[in-house]
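Q: Sharing target-v4.txt here; it has compact mmCIF, C-alpha atoms.
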```
# COMPACT_ATOMS: atom_id res chain seq x y z
CA MET H 414 -25.19 -10.41 -40.85
CA ALA H 415 -26.44 -6.87 -41.22
CA GLU H 416 -26.58 -4.88 -44.44
CA GLU H 417 -27.04 -1.12 -44.21
CA CYS H 418 -27.62 1.76 -46.58
CA TYR H 419 -27.26 5.26 -45.14
CA ASN H 420 -29.73 7.84 -46.40
CA ASN H 421 -31.50 10.89 -45.02
CA GLY H 422 -34.86 9.10 -44.78
CA LYS H 423 -36.32 6.87 -42.09
CA HIS H 424 -34.39 3.89 -40.76
CA PHE H 425 -36.17 0.56 -41.22
CA VAL H 426 -34.97 -2.57 -39.44
CA LEU H 427 -36.43 -5.72 -41.00
CA VAL H 428 -36.68 -8.98 -39.02
CA HIS H 429 -37.48 -12.26 -40.74
CA GLY H 430 -39.70 -15.10 -39.54
CA ALA H 431 -38.94 -18.68 -38.53
CA GLY H 432 -36.43 -20.42 -40.77
CA GLY H 433 -35.87 -17.34 -42.94
CA GLY H 434 -33.09 -14.81 -42.99
CA ALA H 435 -32.18 -11.34 -44.17
CA TRP H 436 -32.54 -12.69 -47.71
CA VAL H 437 -36.38 -12.77 -47.51
CA TRP H 438 -36.40 -8.96 -47.81
CA TYR H 439 -34.47 -8.87 -51.09
CA LYS H 440 -37.38 -7.23 -52.95
CA VAL H 441 -38.29 -4.85 -50.13
CA LYS H 442 -34.86 -3.48 -49.20
CA PRO H 443 -34.01 -1.91 -52.59
CA ARG H 444 -37.51 -0.47 -52.95
CA LEU H 445 -37.29 1.29 -49.59
CA GLU H 446 -33.79 2.50 -50.35
CA ALA H 447 -34.89 3.81 -53.74
CA SER H 448 -37.44 5.92 -51.87
CA GLY H 449 -34.65 7.51 -49.85
CA HIS H 450 -34.75 5.40 -46.69
CA ARG H 451 -32.09 3.63 -44.71
CA VAL H 452 -32.56 -0.13 -44.34
CA THR H 453 -30.99 -2.72 -42.06
CA VAL H 454 -31.73 -6.41 -42.59
CA LEU H 455 -30.64 -8.92 -39.96
CA ASP H 456 -30.04 -12.65 -39.70
CA MET H 457 -31.15 -14.03 -36.37
CA ALA H 458 -28.86 -16.67 -34.83
CA ALA H 459 -28.63 -19.87 -36.93
CA SER H 460 -30.60 -18.15 -39.71
CA GLY H 461 -29.61 -16.94 -43.17
CA LYS H 462 -25.82 -16.48 -43.25
CA HIS H 463 -25.41 -16.44 -39.47
CA PRO H 464 -22.51 -18.78 -38.60
CA LYS H 465 -24.17 -20.64 -35.73
CA THR H 466 -25.95 -23.94 -36.34
CA TYR H 467 -29.34 -24.54 -34.77
CA LYS H 468 -27.78 -26.99 -32.33
CA GLU H 469 -25.72 -24.10 -30.93
CA VAL H 470 -28.76 -21.94 -30.08
CA HIS H 471 -30.16 -22.77 -26.63
CA SER H 472 -32.82 -20.11 -26.00
CA PHE H 473 -34.94 -17.47 -27.68
CA ASN H 474 -32.68 -14.80 -26.18
CA GLU H 475 -29.70 -16.39 -27.95
CA TYR H 476 -31.69 -16.59 -31.18
CA ASN H 477 -32.53 -12.90 -30.81
CA GLU H 478 -28.98 -11.71 -30.01
CA PRO H 479 -28.31 -10.13 -33.43
CA LEU H 480 -31.31 -7.80 -33.05
CA MET H 481 -30.49 -6.90 -29.46
CA GLN H 482 -26.86 -6.22 -30.31
CA PHE H 483 -27.95 -3.97 -33.15
CA MET H 484 -30.44 -2.06 -30.98
CA GLY H 485 -27.76 -1.59 -28.35
CA SER H 486 -25.40 -0.13 -30.97
CA LEU H 487 -27.79 2.67 -31.95
CA HIS H 488 -26.98 6.20 -30.85
CA GLU H 489 -28.83 7.44 -27.78
CA ASN H 490 -31.26 9.66 -29.69
CA GLU H 491 -31.61 7.45 -32.79
CA LYS H 492 -34.98 5.85 -33.48
CA VAL H 493 -35.86 3.09 -35.93
CA ILE H 494 -38.96 1.52 -37.44
CA LEU H 495 -38.95 -2.14 -36.45
CA VAL H 496 -40.67 -4.52 -38.88
CA GLY H 497 -41.20 -8.14 -37.84
CA HIS H 498 -42.64 -10.93 -39.97
CA SER H 499 -44.33 -14.01 -38.45
CA LEU H 500 -42.11 -15.26 -35.57
CA GLY H 501 -40.26 -11.96 -35.93
CA GLY H 502 -43.07 -10.38 -33.94
CA MET H 503 -41.64 -12.01 -30.81
CA ASN H 504 -38.19 -10.65 -31.67
CA LEU H 505 -39.73 -7.18 -31.89
CA ALA H 506 -41.45 -7.63 -28.53
CA LEU H 507 -38.14 -8.33 -26.77
CA ALA H 508 -36.54 -5.29 -28.39
CA MET H 509 -39.55 -3.16 -27.43
CA GLU H 510 -39.22 -4.27 -23.81
CA ILE H 511 -35.52 -3.38 -23.59
CA TYR H 512 -35.24 -0.42 -25.99
CA PRO H 513 -38.65 1.28 -26.17
CA GLN H 514 -37.05 4.72 -26.44
CA LYS H 515 -35.24 3.71 -29.65
CA ILE H 516 -38.33 2.62 -31.59
CA SER H 517 -40.64 5.10 -33.33
CA VAL H 518 -43.12 2.38 -34.33
CA ALA H 519 -43.23 -1.43 -34.46
CA VAL H 520 -44.85 -3.03 -37.50
CA PHE H 521 -46.07 -6.62 -37.20
CA VAL H 522 -46.53 -8.38 -40.56
CA SER H 523 -48.75 -11.46 -40.20
CA ALA H 524 -46.89 -11.90 -36.94
CA VAL H 525 -47.30 -13.18 -33.42
CA VAL H 526 -47.88 -10.38 -30.92
CA PRO H 527 -47.65 -11.25 -27.22
CA ASP H 528 -49.79 -9.50 -24.63
CA THR H 529 -48.83 -8.31 -21.14
CA LEU H 530 -51.19 -10.60 -19.21
CA ASN H 531 -49.82 -14.02 -20.15
CA GLN H 532 -46.46 -15.70 -20.60
CA PRO H 533 -44.90 -15.01 -24.02
CA SER H 534 -45.54 -18.62 -25.04
CA TYR H 535 -49.31 -18.17 -24.76
CA VAL H 536 -49.57 -16.61 -28.21
CA PHE H 537 -48.11 -19.79 -29.74
CA ASP H 538 -50.65 -21.96 -27.91
CA LYS H 539 -53.38 -19.94 -29.63
CA LEU H 540 -51.58 -20.13 -32.98
CA TYR H 541 -51.55 -23.94 -32.83
CA GLU H 542 -55.32 -23.92 -32.31
CA THR H 543 -55.85 -22.31 -35.74
CA ALA H 544 -53.23 -24.32 -37.64
CA LEU H 545 -54.38 -26.22 -40.72
CA PRO H 546 -54.52 -29.96 -39.89
CA ASP H 547 -52.88 -31.00 -43.17
CA ALA H 548 -50.20 -28.31 -43.20
CA GLY H 549 -46.62 -29.31 -42.65
CA LYS H 550 -47.00 -33.04 -43.29
CA ASP H 551 -43.61 -33.20 -44.99
CA ASN H 552 -41.88 -31.10 -42.35
CA GLN H 553 -39.32 -32.90 -40.22
CA ARG H 554 -38.94 -32.33 -36.49
CA SER H 555 -36.08 -32.97 -34.13
CA MET H 556 -35.56 -32.48 -30.39
CA GLU H 557 -32.21 -31.05 -29.41
CA GLU H 558 -30.89 -30.86 -25.87
CA SER H 559 -29.74 -27.48 -24.66
CA THR H 560 -28.63 -25.82 -21.45
CA ASN H 561 -32.27 -24.73 -20.93
CA GLY H 562 -33.85 -28.10 -21.72
CA PRO H 563 -34.94 -29.74 -24.98
CA ILE H 564 -35.88 -27.54 -27.95
CA MET H 565 -38.03 -28.67 -30.86
CA TRP H 566 -36.67 -27.68 -34.25
CA VAL H 567 -38.67 -27.86 -37.48
CA HIS H 568 -37.15 -28.46 -40.91
CA PHE H 569 -39.65 -27.16 -43.48
CA GLY H 570 -40.52 -29.53 -46.31
CA SER H 571 -40.87 -28.55 -49.97
CA LYS H 572 -44.59 -29.36 -50.07
CA PHE H 573 -45.22 -27.23 -46.97
CA LEU H 574 -43.35 -24.28 -48.47
CA ALA H 575 -45.28 -24.62 -51.74
CA SER H 576 -48.77 -25.09 -50.27
CA THR H 577 -48.64 -22.94 -47.14
CA ILE H 578 -45.81 -20.38 -47.25
CA TYR H 579 -45.32 -19.39 -50.92
CA ASP H 580 -48.66 -20.53 -52.35
CA LEU H 581 -49.36 -17.16 -54.04
CA SER H 582 -45.74 -16.26 -54.74
CA SER H 583 -43.70 -16.87 -57.86
CA ILE H 584 -42.06 -20.21 -58.59
CA GLU H 585 -38.71 -18.42 -58.38
CA ASP H 586 -39.41 -17.25 -54.82
CA LEU H 587 -40.55 -20.73 -53.87
CA GLU H 588 -37.34 -22.24 -55.20
CA LEU H 589 -35.29 -19.63 -53.36
CA GLY H 590 -37.11 -20.57 -50.17
CA LYS H 591 -36.41 -24.27 -50.73
CA ILE H 592 -32.71 -23.47 -51.02
CA MET H 593 -32.40 -20.93 -48.22
CA TYR H 594 -34.70 -21.99 -45.37
CA ARG H 595 -32.93 -23.33 -42.28
CA PRO H 596 -34.32 -25.25 -39.26
CA SER H 597 -36.49 -23.13 -36.99
CA SER H 598 -38.04 -23.20 -33.54
CA PHE H 599 -40.70 -21.24 -31.66
CA PHE H 600 -38.81 -21.87 -28.37
CA VAL H 601 -42.16 -22.49 -26.66
CA SER H 602 -40.80 -24.25 -23.57
CA ASP H 603 -38.25 -21.48 -23.09
CA LEU H 604 -40.81 -18.68 -23.52
CA ALA H 605 -43.21 -20.46 -21.14
CA THR H 606 -40.90 -19.55 -18.25
CA ALA H 607 -39.91 -16.10 -19.51
CA LYS H 608 -41.05 -12.88 -17.84
CA LYS H 609 -44.25 -11.29 -19.03
CA PHE H 610 -43.91 -8.17 -21.13
CA SER H 611 -44.66 -4.91 -19.37
CA ASP H 612 -47.18 -2.20 -20.19
CA GLU H 613 -44.64 0.43 -19.14
CA LYS H 614 -41.99 -0.56 -21.70
CA TYR H 615 -43.26 -3.00 -24.35
CA GLY H 616 -46.76 -1.57 -24.18
CA SER H 617 -45.55 2.01 -24.60
CA VAL H 618 -44.29 1.52 -28.16
CA ARG H 619 -46.68 2.49 -30.96
CA ARG H 620 -47.76 -0.55 -32.99
CA VAL H 621 -49.19 -1.31 -36.41
CA TYR H 622 -50.37 -4.69 -37.71
CA ILE H 623 -50.40 -5.73 -41.38
CA VAL H 624 -52.91 -8.53 -41.97
CA CYS H 625 -52.21 -10.94 -44.82
CA THR H 626 -55.73 -12.00 -45.74
CA ASP H 627 -54.79 -15.11 -47.77
CA ASP H 628 -52.20 -16.44 -45.33
CA LYS H 629 -52.41 -20.22 -44.84
CA ALA H 630 -49.59 -20.43 -42.30
CA VAL H 631 -50.80 -17.75 -39.87
CA SER H 632 -54.54 -17.67 -40.51
CA GLU H 633 -56.48 -14.45 -40.74
CA GLU H 634 -58.53 -15.73 -37.78
CA PHE H 635 -55.39 -15.87 -35.64
CA GLN H 636 -54.16 -12.51 -36.92
CA ARG H 637 -57.46 -10.88 -35.93
CA TRP H 638 -57.31 -12.57 -32.52
CA THR H 639 -53.76 -11.40 -31.80
CA ILE H 640 -54.64 -7.85 -32.89
CA LYS H 641 -57.53 -7.80 -30.45
CA SER H 642 -55.69 -9.48 -27.57
CA SER H 643 -52.71 -7.14 -27.84
CA GLY H 644 -54.80 -4.00 -28.27
CA ILE H 645 -53.44 -2.89 -31.65
CA GLU H 646 -55.74 -0.33 -33.24
CA ASP H 647 -53.86 0.58 -36.43
CA VAL H 648 -54.52 -2.28 -38.87
CA ILE H 649 -53.64 -2.57 -42.57
CA GLU H 650 -54.65 -5.35 -44.98
CA ILE H 651 -52.76 -6.93 -47.88
CA ASP H 652 -54.29 -9.70 -49.97
CA SER H 653 -51.19 -11.90 -49.95
CA ASP H 654 -49.94 -15.28 -48.82
CA HIS H 655 -47.62 -15.66 -45.82
CA MET H 656 -44.79 -13.93 -47.69
CA PRO H 657 -45.99 -10.46 -48.77
CA MET H 658 -42.36 -9.42 -49.21
CA ALA H 659 -42.27 -11.97 -52.07
CA SER H 660 -45.82 -11.88 -53.47
CA LYS H 661 -46.74 -8.21 -52.85
CA PRO H 662 -43.48 -6.29 -52.26
CA HIS H 663 -44.75 -3.04 -53.79
CA ASP H 664 -47.87 -2.98 -51.61
CA LEU H 665 -45.87 -3.85 -48.52
CA CYS H 666 -43.33 -1.09 -49.17
CA GLN H 667 -46.04 1.50 -49.75
CA HIS H 668 -47.65 0.63 -46.42
CA LEU H 669 -44.30 0.68 -44.60
CA ILE H 670 -43.42 4.10 -46.01
CA ALA H 671 -46.87 5.49 -45.16
CA THR H 672 -46.55 4.11 -41.63
CA ALA H 673 -43.11 5.65 -41.18
CA LEU H 674 -44.44 9.07 -42.19
CA LYS H 675 -47.51 8.72 -40.00
CA TYR H 676 -45.48 7.92 -36.89
CA ASP H 677 -42.66 10.38 -37.49
```
Output the structure of this file as structure tokens.
A:
Amino acid sequence: MAEECYNNGKHFVLVHGAGGGAWVWYKVKPRLEASGHRVTVLDMAASGKHPKTYKEVHSFNEYNEPLMQFMGSLHENEKVILVGHSLGGMNLALAMEIYPQKISVAVFVSAVVPDTLNQPSYVFDKLYETALPDAGKDNQRSMEESTNGPIMWVHFGSKFLASTIYDLSSIEDLELGKIMYRPSSFFVSDLATAKKFSDEKYGSVRRVYIVCTDDKAVSEEFQRWTIKSSGIEDVIEIDSDHMPMASKPHDLCQHLIATALKYD
């Protein structure tokens, strides 16, 4: 599902994180549009209102198809601002590798950012090293067979969402998350055999990182590490939990608009 508003401003494309959907941007989209910008929000495969079930998604490329189809549909000279939250950073990386000429700037919001030296899965190995030992105790996991081998899917529990994802957000946003989150995967085994990203394409796109300083899901330690390892120099801070689009939508929008103008 893609929702679009056509204006004369910049064109933002917002990509959700693991288990989320286009719905996570419900506070951000109207704010950006009210400032005169065009906004596209996407559901990745088996996310949000996308019709596929998680058992029908067999690789990260399949999961990322909605973004790649959208990027392919853009006019030859059209450029967008890609914004990826959490796992959405990997979605951005794939789009940057294939369509670097269509992206004016990529904005990573408390997100994973792969480098060009290691396999794409390496960034998740480092993420696991900084994970809180007690986080996710009520999450449920399942292994599903696919054409590319078994995939681990995680079904987020209510306690995990409350203590780690929406801990500084409103009770209403937490309840929305409990209703809307779908099973998710990092596709680590699949990404472990994927091609490395290139400096010539992926590395050529201008990048900005927004650090969420109170994030319990993707720790600030990891965020600082991924910024350094990927060579991002433009860094912004927001004192929010893992979901700044819920807990600090105004601040997030202001930074996105400033970034769009800076990288015009």
Q: Restricting the calculation to all atoms listed in the file, which member of H:Ile649, H:Met484, H:Leu540, H:Val618 is positioned closest to Tyr676 (chain H)?
A: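 Smallest distance to Tyr676 (chain H) is found for H:Val618.
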Q: For CA of Lys614 (chain H) and CA of Val518 (chain H), quote the distance in Å rounded to one decimal.
A: 13.0 Å
Q: Calculated over all atoms listed in the file, which of the candidates H:Glu469, H:Glu446, H:Asp456, H:Glu558 has the smallest distance to Met481 (chain H)?
A: H:Asp456
Q: Give me, please, the distance in Å between CA of Pro662 (chain H) and CA of Ile623 (chain H), quoted to one decimal.
A: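 Separation of CA of Pro662 (chain H) and CA of Ile623 (chain H): 12.9 Å.
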Q: May I ask which of the residues H:His450, H:Lys539, H:Lys468, H:Lys440 is the closest one to Gln636 (chain H), counting only C-alpha atoms?
A: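 The shortest atom-to-atom distance to Gln636 (chain H) comes from H:Lys539.
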Q: Find, counting only C-alpha atoms, the residue in H:Ser583, H:Thr672, H:Ser448, H:Asn477 that gets nearest to Ile494 (chain H).
A: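 Result for the nearest residue to Ile494 (chain H): H:Thr672.
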